[in-house]
Amino acid sequence: MDTHSMDRIVAAVRRLDGSLVLQPESGDGSPELAWGDAFFYVAPDGRVPQNTQPYATIVTKDYPEDTLSRLGGGRWRVNIHVGRDRLSALVGEGPHDPAAVDVLLPHPVYGPYGWVAVVLPGERTLRAVLDLVREAHEDARRRAERRGATRL
C-alpha cells in the first residue's frame, strides 16, 4: 500500500493545534474493521469528544455500507467534512465515479451531508486535501468553542 500521502496527511493533522488522531490497531479494543484507518478530531485534552463525529477520516478498506470506491489492496480514501455549499463548489455536478483516483469527489455515502472524498490523493489533489483538512479542523475547532465542549 502506498502510504506516503497517507502519512503526510496524518503528520499534517498532528501538527494542528488541539488535534487528536486516532489510529485503531489490533489489541487496543477497537473494532477490527477500523484497524489501519485514521480519525481526526479537535480535542486539546486528548480525549475523544462525546457526541461529535471526526471532521476527517482516512479509510483503508471498504465498509459494509460503503463499497463504491473499491478500497483495500493498496487503495485508500481520505474523507473531509467541507459543508454542503463548499462541496458543490469543489466537485460540481455529477455524474461522479466514486472509484476514480486523485479526484475530488462527493463522498459516496455522506456527500449529501457535505463530505468530500479522494481515493489515493496524489499530484492533482494532495495540496487541496491538506488545505481542506486544515480548514475542516478550524471549522471543528470553532464549533467546539461555540458549544463550550472544550477549552481551546
# chains A, B, ... in the order shown; residues from 1 in each chain; ligands from 1
>>> residues_around(residues="Trp115 (chain A)", least_positions_apart="3", cutoff="6 Å", atoms="only C-alpha atoms", output="VMD selection string")
chain A and resid 80 to 82 107 110 to 111
>>> select_by_dssp(residues="chain A", states="alpha helix (DSSP H)", output="ChimeraX atom specification")
/A:4-14,84-91,126-147
>>> closest_atom_pairs(of="region 76-113 of chain A", to="region 21-45 of chain A", cutoff="10 Å", atoms="only C-alpha atoms", output="CSV")
residue,atom,partner,partner_atom,distance
A:Trp76,CA,A:Asp37,CA,9.0
A:Arg77,CA,A:Asp37,CA,9.6
A:Val78,CA,A:Ala38,CA,9.1
A:Asn79,CA,A:Phe39,CA,9.7
A:Ile80,CA,A:Phe40,CA,9.5
>>> residues_around(residues="Val91 (chain A)", least_positions_apart="3", cutoff="9 Å", atoms="only C-alpha atoms", output="list of chain:residue names")
A:Arg86, A:Leu87, A:Ser88, A:Gly94, A:His96, A:Val103, A:Leu104, A:Leu105, A:Pro106, A:Val116
>>> residues_around(residues="Val13 (chain A)", least_positions_apart="4", cutoff="12 Å", atoms="only C-alpha atoms", output="MDAnalysis selection string")
chainID A and resid 6:9 17:22 38:42 55:58 129:138
>>> select_by_dssp(residues="region 24-123 of chain A", states="strand (DSSP E or B)", output="list in words")
Ala38, Phe39, Phe40, Tyr41, Val42, Ala56, Thr57, Ile58, Val59, Tyr63, Asp66, Gly72, Arg75, Arg77, Val78, Asn79, Ile80, His81, Val101, Leu105, Pro106, Trp115, Val116, Ala117, Val118 and Val119 of chain A
>>> closest_residue(among="A:Pro95, A:Asp139, A:His4, A:Asn51", to="Pro121 (chain A)", atoms="only C-alpha atoms")
A:His4
